[in-house]
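The file input09.cif comes next; it holds mmCIF, C-alpha atoms, pLDDT in the B column; chains and numbers go by the auth columns.
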data_final
#
loop_
_atom_site.group_PDB
_atom_site.id
_atom_site.type_symbol
_atom_site.label_atom_id
_atom_site.label_comp_id
_atom_site.label_asym_id
_atom_site.label_seq_id
_atom_site.Cartn_x
_atom_site.Cartn_y
_atom_site.Cartn_z
_atom_site.B_iso_or_equiv
_atom_site.auth_seq_id
_atom_site.auth_asym_id
ATOM 1 C CA ALA A 1 105.512 100.070 75.969 76.00 1041 A
ATOM 2 C CA GLN A 2 107.260 102.352 73.524 81.00 1042 A
ATOM 3 C CA SER A 3 108.951 101.259 70.344 89.00 1043 A
ATOM 4 C CA VAL A 4 110.513 102.851 67.284 93.00 1044 A
ATOM 5 C CA THR A 5 110.746 101.501 63.755 95.00 1045 A
ATOM 6 C CA GLN A 6 112.970 103.075 61.158 96.00 1046 A
ATOM 7 C CA LEU A 7 112.160 101.943 57.638 94.00 1047 A
ATOM 8 C CA GLY A 8 115.302 101.203 55.678 92.00 1048 A
ATOM 9 C CA SER A 9 118.683 100.538 57.227 93.00 1049 A
ATOM 10 C CA HIS A 10 120.346 102.273 54.268 96.00 1050 A
ATOM 11 C CA VAL A 11 119.152 105.161 52.108 97.00 1051 A
ATOM 12 C CA SER A 12 121.087 106.518 49.139 98.00 1052 A
ATOM 13 C CA VAL A 13 120.360 109.861 47.472 97.00 1053 A
ATOM 14 C CA SER A 14 122.118 112.086 44.976 97.00 1054 A
ATOM 15 C CA GLU A 15 123.533 115.403 46.058 97.00 1055 A
ATOM 16 C CA GLY A 16 120.780 118.010 45.739 97.00 1056 A
ATOM 17 C CA ALA A 17 117.958 115.466 45.972 98.00 1057 A
ATOM 18 C CA LEU A 18 115.285 115.235 48.656 98.00 1058 A
ATOM 19 C CA VAL A 19 116.186 113.329 51.791 98.00 1059 A
ATOM 20 C CA LEU A 20 113.376 111.338 53.444 98.00 1060 A
ATOM 21 C CA LEU A 21 114.088 109.103 56.413 98.00 1061 A
ATOM 22 C CA ARG A 22 111.088 107.301 57.839 98.00 1062 A
ATOM 23 C CA CYS A 23 110.260 106.728 61.480 97.00 1063 A
ATOM 24 C CA ASN A 24 107.175 105.218 63.084 96.00 1064 A
ATOM 25 C CA TYR A 25 106.693 104.953 66.814 94.00 1065 A
ATOM 26 C CA SER A 26 104.454 103.292 69.313 91.00 1066 A
ATOM 27 C CA SER A 27 103.553 104.936 72.585 85.00 1067 A
ATOM 28 C CA SER A 28 100.657 104.701 74.990 80.00 1068 A
ATOM 29 C CA VAL A 29 101.168 108.276 76.209 80.00 1069 A
ATOM 30 C CA PRO A 30 101.998 111.515 74.403 81.00 1070 A
ATOM 31 C CA PRO A 31 105.590 111.068 73.308 86.00 1071 A
ATOM 32 C CA TYR A 32 108.623 113.245 73.042 91.00 1072 A
ATOM 33 C CA LEU A 33 110.263 112.445 69.706 94.00 1073 A
ATOM 34 C CA PHE A 34 113.850 113.010 68.643 95.00 1074 A
ATOM 35 C CA TRP A 35 116.124 112.678 65.669 97.00 1075 A
ATOM 36 C CA TYR A 36 119.835 112.289 66.356 97.00 1076 A
ATOM 37 C CA VAL A 37 122.721 112.166 63.896 97.00 1077 A
ATOM 38 C CA GLN A 38 125.941 110.222 64.291 96.00 1078 A
ATOM 39 C CA TYR A 39 129.016 110.968 62.202 94.00 1079 A
ATOM 40 C CA PRO A 40 131.725 108.303 61.933 89.00 1080 A
ATOM 41 C CA ASN A 41 133.553 107.600 65.186 87.00 1081 A
ATOM 42 C CA GLN A 42 131.527 110.173 67.102 91.00 1082 A
ATOM 43 C CA GLY A 43 128.715 110.209 69.618 92.00 1083 A
ATOM 44 C CA LEU A 44 125.139 111.110 68.755 94.00 1084 A
ATOM 45 C CA GLN A 45 124.052 114.725 68.545 94.00 1085 A
ATOM 46 C CA LEU A 46 120.561 116.145 68.471 95.00 1086 A
ATOM 47 C CA LEU A 47 119.125 117.210 65.115 96.00 1087 A
ATOM 48 C CA LEU A 48 115.655 118.171 66.318 96.00 1088 A
ATOM 49 C CA LYS A 49 112.946 117.231 68.768 94.00 1089 A
ATOM 50 C CA TYR A 50 109.189 117.378 69.194 93.00 1090 A
ATOM 51 C CA THR A 51 107.716 117.880 72.631 89.00 1091 A
ATOM 52 C CA THR A 52 104.407 119.709 72.363 85.00 1092 A
ATOM 53 C CA GLY A 53 102.915 122.423 70.192 84.00 1093 A
ATOM 54 C CA ALA A 54 103.740 122.882 66.513 87.00 1094 A
ATOM 55 C CA THR A 55 103.886 119.574 64.727 89.00 1095 A
ATOM 56 C CA LEU A 56 106.432 120.695 62.122 95.00 1096 A
ATOM 57 C CA VAL A 57 109.790 120.905 63.818 95.00 1097 A
ATOM 58 C CA LYS A 58 112.855 122.516 62.297 96.00 1098 A
ATOM 59 C CA GLY A 59 116.322 121.413 63.260 95.00 1099 A
ATOM 60 C CA ILE A 60 119.923 122.072 62.439 94.00 1100 A
ATOM 61 C CA ASN A 61 121.503 121.799 58.983 93.00 1101 A
ATOM 62 C CA GLY A 62 118.200 122.345 57.159 96.00 1102 A
ATOM 63 C CA PHE A 63 116.450 119.224 58.465 97.00 1103 A
ATOM 64 C CA GLU A 64 112.852 119.160 59.587 97.00 1104 A
ATOM 65 C CA ALA A 65 110.351 116.574 60.777 97.00 1105 A
ATOM 66 C CA GLU A 66 106.599 116.456 61.106 95.00 1106 A
ATOM 67 C CA PHE A 67 104.784 114.773 63.964 94.00 1107 A
ATOM 68 C CA LYS A 68 101.681 113.009 62.647 94.00 1108 A
ATOM 69 C CA LYS A 69 99.741 111.531 65.514 91.00 1109 A
ATOM 70 C CA SER A 70 97.199 109.785 63.298 91.00 1110 A
ATOM 71 C CA GLU A 71 99.969 107.968 61.464 93.00 1111 A
ATOM 72 C CA THR A 72 102.261 107.601 64.522 93.00 1112 A
ATOM 73 C CA SER A 73 105.050 108.903 62.340 95.00 1113 A
ATOM 74 C CA PHE A 74 107.904 111.368 62.669 96.00 1114 A
ATOM 75 C CA HIS A 75 109.659 111.331 59.298 98.00 1115 A
ATOM 76 C CA LEU A 76 112.819 113.389 58.762 98.00 1116 A
ATOM 77 C CA THR A 77 113.246 115.436 55.589 98.00 1117 A
ATOM 78 C CA LYS A 78 115.685 117.806 53.946 98.00 1118 A
ATOM 79 C CA PRO A 79 114.900 119.423 50.588 97.00 1119 A
ATOM 80 C CA SER A 80 118.411 119.193 49.156 97.00 1120 A
ATOM 81 C CA ALA A 81 121.060 116.702 50.277 97.00 1121 A
ATOM 82 C CA HIS A 82 124.645 117.740 50.755 97.00 1122 A
ATOM 83 C CA MET A 83 127.682 115.485 50.855 96.00 1123 A
ATOM 84 C CA SER A 84 128.199 116.457 54.489 96.00 1124 A
ATOM 85 C CA ASP A 85 124.818 114.910 55.394 97.00 1125 A
ATOM 86 C CA ALA A 86 126.244 111.415 54.986 97.00 1126 A
ATOM 87 C CA ALA A 87 125.896 109.885 58.449 97.00 1127 A
ATOM 88 C CA GLU A 88 123.717 107.558 60.476 96.00 1128 A
ATOM 89 C CA TYR A 89 120.406 108.907 61.727 97.00 1129 A
ATOM 90 C CA PHE A 90 118.481 107.652 64.730 96.00 1130 A
ATOM 91 C CA CYS A 91 114.863 108.273 65.606 96.00 1131 A
ATOM 92 C CA ALA A 92 114.024 108.043 69.308 94.00 1132 A
ATOM 93 C CA VAL A 93 110.941 108.204 71.511 92.00 1133 A
ATOM 94 C CA ARG A 94 110.555 109.113 75.136 87.00 1134 A
ATOM 95 C CA ALA A 95 107.239 108.520 76.833 72.00 1135 A
ATOM 96 C CA GLY A 96 107.179 108.745 80.574 72.00 1136 A
ATOM 97 C CA GLY A 97 110.007 107.955 82.927 75.00 1137 A
ATOM 98 C CA PHE A 98 113.662 108.411 82.097 78.00 1138 A
ATOM 99 C CA LYS A 99 114.148 105.928 79.293 83.00 1139 A
ATOM 100 C CA THR A 100 114.594 106.771 75.641 88.00 1140 A
ATOM 101 C CA ILE A 101 114.020 104.089 73.023 90.00 1141 A
ATOM 102 C CA PHE A 102 116.147 104.362 69.888 92.00 1142 A
ATOM 103 C CA GLY A 103 115.442 102.976 66.463 93.00 1143 A
ATOM 104 C CA ALA A 104 117.973 100.741 64.745 94.00 1144 A
ATOM 105 C CA GLY A 105 119.270 103.653 62.672 95.00 1145 A
ATOM 106 C CA THR A 106 119.341 104.575 58.988 96.00 1146 A
ATOM 107 C CA ARG A 107 122.624 105.152 57.242 96.00 1147 A
ATOM 108 C CA LEU A 108 122.392 107.915 54.654 97.00 1148 A
ATOM 109 C CA PHE A 109 124.680 107.827 51.640 97.00 1149 A
ATOM 110 C CA VAL A 110 124.976 110.907 49.410 97.00 1150 A
ATOM 111 C CA LYS A 111 126.235 110.416 45.863 97.00 1151 A
ATOM 112 C CA ALA A 112 128.043 113.153 43.986 94.00 1152 A
ATOM 113 C CA ASN B 1 132.924 123.319 78.616 72.00 1340 S
ATOM 114 C CA ALA B 2 133.860 119.790 77.567 82.00 1341 S
ATOM 115 C CA GLY B 3 130.323 118.346 77.673 94.00 1342 S
ATOM 116 C CA VAL B 4 130.430 114.573 78.222 96.00 1343 S
ATOM 117 C CA THR B 5 133.816 112.892 78.349 97.00 1344 S
ATOM 118 C CA GLN B 6 134.576 109.177 78.352 97.00 1345 S
ATOM 119 C CA THR B 7 137.710 107.195 79.075 97.00 1346 S
ATOM 120 C CA PRO B 8 139.246 105.150 77.648 97.00 1347 S
ATOM 121 C CA LYS B 9 138.565 105.653 73.945 96.00 1348 S
ATOM 122 C CA PHE B 10 139.548 102.112 73.059 97.00 1349 S
ATOM 123 C CA GLN B 11 140.214 98.959 75.074 96.00 1350 S
ATOM 124 C CA VAL B 12 141.060 95.342 74.366 97.00 1351 S
ATOM 125 C CA LEU B 13 140.285 92.777 77.066 97.00 1352 S
ATOM 126 C CA LYS B 14 140.654 89.052 77.377 97.00 1353 S
ATOM 127 C CA THR B 15 137.654 86.986 78.405 98.00 1354 S
ATOM 128 C CA GLY B 16 137.252 87.102 82.168 97.00 1355 S
ATOM 129 C CA GLN B 17 139.113 90.344 82.713 97.00 1356 S
ATOM 130 C CA SER B 18 137.443 93.265 84.405 97.00 1357 S
ATOM 131 C CA MET B 19 137.436 96.964 83.644 97.00 1358 S
ATOM 132 C CA THR B 20 135.658 100.202 84.429 98.00 1359 S
ATOM 133 C CA LEU B 21 134.523 102.724 81.859 98.00 1360 S
ATOM 134 C CA GLN B 22 134.533 106.273 83.140 97.00 1361 S
ATOM 135 C CA CYS B 23 132.124 109.056 82.233 98.00 1362 S
ATOM 136 C CA ALA B 24 131.932 112.645 83.402 98.00 1363 S
ATOM 137 C CA GLN B 25 129.735 115.601 82.443 97.00 1364 S
ATOM 138 C CA ASP B 26 130.197 119.281 83.225 96.00 1365 S
ATOM 139 C CA MET B 27 126.695 120.498 82.330 94.00 1366 S
ATOM 140 C CA ASN B 28 125.236 120.059 85.830 93.00 1367 S
ATOM 141 C CA HIS B 29 122.783 117.475 84.501 93.00 1368 S
ATOM 142 C CA ASN B 30 120.807 115.328 86.903 92.00 1369 S
ATOM 143 C CA SER B 31 120.378 112.234 84.728 93.00 1370 S
ATOM 144 C CA MET B 32 123.070 110.034 83.207 95.00 1371 S
ATOM 145 C CA TYR B 33 122.926 106.933 81.019 96.00 1372 S
ATOM 146 C CA TRP B 34 125.024 104.104 79.650 97.00 1373 S
ATOM 147 C CA TYR B 35 124.232 102.618 76.239 97.00 1374 S
ATOM 148 C CA ARG B 36 125.803 100.028 74.024 97.00 1375 S
ATOM 149 C CA GLN B 37 125.696 100.289 70.249 95.00 1376 S
ATOM 150 C CA ASP B 38 125.823 97.211 68.063 93.00 1377 S
ATOM 151 C CA PRO B 39 125.403 97.099 64.280 87.00 1378 S
ATOM 152 C CA GLY B 40 121.755 97.036 63.214 84.00 1379 S
ATOM 153 C CA MET B 41 120.470 97.298 66.772 86.00 1380 S
ATOM 154 C CA GLY B 42 120.612 101.001 67.496 88.00 1381 S
ATOM 155 C CA LEU B 43 121.411 102.021 71.041 93.00 1382 S
ATOM 156 C CA ARG B 44 120.329 99.845 73.931 93.00 1383 S
ATOM 157 C CA LEU B 45 120.156 101.190 77.457 93.00 1384 S
ATOM 158 C CA ILE B 46 122.310 99.323 79.965 96.00 1385 S
ATOM 159 C CA TYR B 47 121.786 101.371 83.134 96.00 1386 S
ATOM 160 C CA TYR B 48 120.704 104.856 83.987 94.00 1387 S
ATOM 161 C CA SER B 49 120.810 107.210 86.923 94.00 1388 S
ATOM 162 C CA ALA B 50 117.843 109.565 87.145 90.00 1389 S
ATOM 163 C CA SER B 51 119.571 111.645 89.799 89.00 1390 S
ATOM 164 C CA GLU B 52 122.569 111.521 92.092 90.00 1391 S
ATOM 165 C CA GLY B 53 122.260 108.574 94.453 90.00 1392 S
ATOM 166 C CA THR B 54 119.953 106.464 92.281 93.00 1393 S
ATOM 167 C CA THR B 55 120.603 103.880 89.590 96.00 1394 S
ATOM 168 C CA ASP B 56 118.243 101.628 87.645 94.00 1395 S
ATOM 169 C CA LYS B 57 118.502 98.814 85.146 94.00 1396 S
ATOM 170 C CA GLY B 58 117.840 99.426 81.509 92.00 1397 S
ATOM 171 C CA GLU B 59 117.176 97.011 78.698 90.00 1398 S
ATOM 172 C CA VAL B 60 120.431 94.979 78.830 95.00 1399 S
ATOM 173 C CA PRO B 61 121.960 95.166 82.344 97.00 1400 S
ATOM 174 C CA ASN B 62 123.297 91.615 82.679 96.00 1401 S
ATOM 175 C CA GLY B 63 127.058 91.481 83.120 96.00 1402 S
ATOM 176 C CA TYR B 64 127.371 95.140 84.077 98.00 1403 S
ATOM 177 C CA ASN B 65 127.351 97.251 87.219 97.00 1404 S
ATOM 178 C CA VAL B 66 127.293 101.018 87.620 98.00 1405 S
ATOM 179 C CA SER B 67 128.225 103.629 90.183 97.00 1406 S
ATOM 180 C CA ARG B 68 126.975 107.198 90.307 96.00 1407 S
ATOM 181 C CA LEU B 69 129.975 108.583 92.105 90.00 1408 S
ATOM 182 C CA ASN B 70 128.635 112.124 92.331 95.00 1409 S
ATOM 183 C CA LYS B 71 126.526 114.415 90.167 95.00 1410 S
ATOM 184 C CA ARG B 72 129.259 114.636 87.517 96.00 1411 S
ATOM 185 C CA GLU B 73 130.464 111.047 87.252 97.00 1412 S
ATOM 186 C CA PHE B 74 128.833 107.769 86.279 98.00 1413 S
ATOM 187 C CA SER B 75 130.987 104.677 85.776 98.00 1414 S
ATOM 188 C CA LEU B 76 130.222 101.337 84.135 98.00 1415 S
ATOM 189 C CA ARG B 77 131.984 98.180 85.302 98.00 1416 S
ATOM 190 C CA LEU B 78 132.403 94.856 83.575 97.00 1417 S
ATOM 191 C CA GLU B 79 133.316 92.335 86.277 93.00 1418 S
ATOM 192 C CA SER B 80 134.138 89.416 83.974 96.00 1419 S
ATOM 193 C CA ALA B 81 134.216 90.418 80.325 96.00 1420 S
ATOM 194 C CA ALA B 82 132.730 88.159 77.673 97.00 1421 S
ATOM 195 C CA PRO B 83 133.056 88.310 73.859 97.00 1422 S
ATOM 196 C CA SER B 84 129.352 89.237 73.692 96.00 1423 S
ATOM 197 C CA GLN B 85 130.262 92.506 75.396 97.00 1424 S
ATOM 198 C CA THR B 86 132.338 93.601 72.418 97.00 1425 S
ATOM 199 C CA SER B 87 130.603 96.833 71.472 97.00 1426 S
ATOM 200 C CA VAL B 88 130.797 100.608 71.432 96.00 1427 S
ATOM 201 C CA TYR B 89 129.706 102.115 74.734 98.00 1428 S
ATOM 202 C CA PHE B 90 128.213 105.574 75.003 97.00 1429 S
ATOM 203 C CA CYS B 91 127.565 107.645 78.058 97.00 1430 S
ATOM 204 C CA ALA B 92 124.938 110.393 77.932 96.00 1431 S
ATOM 205 C CA SER B 93 123.430 112.975 80.233 95.00 1432 S
ATOM 206 C CA SER B 94 120.300 115.107 80.317 92.00 1433 S
ATOM 207 C CA ASP B 95 119.015 117.879 82.512 84.00 1434 S
ATOM 208 C CA LEU B 96 115.420 116.710 82.667 72.00 1435 S
ATOM 209 C CA GLY B 97 113.952 113.245 82.600 59.00 1436 S
ATOM 210 C CA ARG B 98 112.380 113.794 79.221 62.00 1437 S
ATOM 211 C CA GLY B 99 114.936 116.139 77.749 80.00 1438 S
ATOM 212 C CA THR B 100 117.609 116.047 75.134 89.00 1439 S
ATOM 213 C CA GLN B 101 120.485 113.691 75.817 93.00 1440 S
ATOM 214 C CA TYR B 102 124.079 114.752 75.273 94.00 1441 S
ATOM 215 C CA PHE B 103 126.462 111.986 74.295 96.00 1442 S
ATOM 216 C CA GLY B 104 130.115 111.335 74.879 96.00 1443 S
ATOM 217 C CA PRO B 105 132.438 110.232 72.055 95.00 1444 S
ATOM 218 C CA GLY B 106 132.199 106.548 72.988 96.00 1445 S
ATOM 219 C CA THR B 107 134.483 103.733 74.119 97.00 1446 S
ATOM 220 C CA ARG B 108 135.237 100.928 71.693 96.00 1447 S
ATOM 221 C CA LEU B 109 135.642 97.671 73.588 97.00 1448 S
ATOM 222 C CA LEU B 110 136.947 94.450 72.097 97.00 1449 S
ATOM 223 C CA VAL B 111 136.783 91.287 74.194 97.00 1450 S
ATOM 224 C CA LEU B 112 138.857 88.409 72.908 97.00 1451 S
#

Represent the structure contained in this file as structure tokens.
Amino acid sequence: AQSVTQLGSHVSVSEGALVLLRCNYSSSVPPYLFWYVQYPNQGLQLLLKYTTGATLVKGINGFEAEFKKSETSFHLTKPSAHMSDAAEYFCAVRAGGFKTIFGAGTRLFVKA
Amino acid sequence: NAGVTQTPKFQVLKTGQSMTLQCAQDMNHNSMYWYRQDPGMGLRLIYYSASEGTTDKGEVPNGYNVSRLNKREFSLRLESAAPSQTSVYFCASSDLGRGTQYFGPGTRLLVL
């Protein structure tokens, strides 16, 4: 069975600092991995996804994530945080079938 | 192109009342999903429809029923609402079983 663990329910960074949101997954088959972002009172929208091929995936708004099979990780990074990045971020895994498993989410706070 | 739309945006029910949440997508997607979002628990799949004419239970189906009315529409029904069903409900769709999901803006439901 698949599962997703996001380390840290809340992360706080200063504007301009590195953003690192951690995600570990469990899957018995090659997974598809996703990061979604949710702004207040909105639905989720895709930031980036890994399916096959290059393990470093670039997404929207300057975010990227690296698929590390040996570590079963898919951490999300951004070199320089902006105030507009404040939101909740969800890591998700899809491995076979039609179901996607979401992590519990990490709320990112950006301090001026 | 409206994407995924949900109605209503907000609803208050008394325990034991029934209601139907409506969802429609205009992206010609085959698969549709209903999730609930509760604080600290991420998104949990209630029901999904892999294609028109099929529906399957997700992680938390008890107390809910669904109807895939046609390719565009997928409704979620609460027959006898309970306070434990207070949540934010999201509908999503995807074009392939393992593809990106597109989310609606959500329905906030309060059961008193």

Exercise for review: Output the contact residues of chain S with respect to chain A at a cut-off of 7 Å, based on only C-alpha atoms, as number ranges by chain.
Suggested key: S: 1379-1382, 1389, 1436-1437, 1441-1445

Could you pull the residues within 10 Å of Leu1435 (chain S), counting only C-alpha atoms, minus those fewer than 4 positions along the same chain, as a PDB file with C-alpha atoms, in the frame of the given file?
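Final file, part-v6.pdb:
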ATOM      1  CA  PHE A1138     113.662 108.411  82.097  1.00 78.00           C
TER       2      PHE A1138
ATOM      3  CA  HIS S1368     122.783 117.475  84.501  1.00 93.00           C
ATOM      4  CA  ASN S1369     120.807 115.328  86.903  1.00 92.00           C
ATOM      5  CA  SER S1370     120.378 112.234  84.728  1.00 93.00           C
ATOM      6  CA  ALA S1389     117.843 109.565  87.145  1.00 90.00           C
ATOM      7  CA  SER S1390     119.571 111.645  89.799  1.00 89.00           C
ATOM      8  CA  THR S1439     117.609 116.047  75.134  1.00 89.00           C
ATOM      9  CA  GLN S1440     120.485 113.691  75.817  1.00 93.00           C
TER      10      GLN S1440
END

Exercise for review: Enter the distance from CA of Ile1100 (chain A) to CA of Val1053 (chain A), in Å, rounded to one decimal.
Suggested key: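 So the two atoms, CA of Ile1100 (chain A) and CA of Val1053 (chain A), lie 19.3 Å apart.
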
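Residues surrounding Gly1402 (chain S) within 12 Å are Gly1355, Ser1357, Met1358, Ile1385, Tyr1386, Lys1396, Leu1415, Arg1416, Leu1417, Glu1418, Ser1419, Ala1420, Ala1421, Pro1422, Ser1423 and Gln1424 of chain S [only C-alpha atoms; sequence separation below 4 positions excluded].
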
Review point. So, counting all atoms listed in the file, which residue among A:Thr1092, A:Gln1078, A:Thr1117, A:Thr1045 is closest to Glu1104 (chain A)?
Key: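 Closest to Glu1104 (chain A) of all the choices is A:Thr1117.
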
**Study point:** All residues 6 Å or closer to Met1371 (chain S), only C-alpha atoms, same chain fewer than 4 positions away omitted, as JSON, numbers by chain
**Key:** {"S": [1387, 1388, 1431, 1432]}

Could the centre and edge lengths of an axis-aligned box, enclosing all atoms of region 1396-1407 of chain S in the file with 5 Å extra on each side, be given in Å to one decimal as AutoDock Vina command-line options?
--center_x 122.7 --center_y 99.3 --center_z 84.5 --size_x 21.0 --size_y 25.7 --size_z 21.6

Practice item. Compare A:Val1150, A:Leu1047, A:Val1069, A:Ala1057 by their minimum atom-to-atom distance to Phe1114 (chain A), counting only C-alpha atoms, and give me the closest one. Key: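 Counting only C-alpha atoms, the residue closest to Phe1114 (chain A) is A:Leu1047.
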
**Study point:** Output check: residues returned by the PyMOL selection byres ((chain S and resi 1360) around 12), as a PyMOL selection string
**Key:** chain S and resi 1344-1350+1357-1359+1361-1363+1373-1374+1403-1406+1412-1418+1427-1430+1443+1445-1448
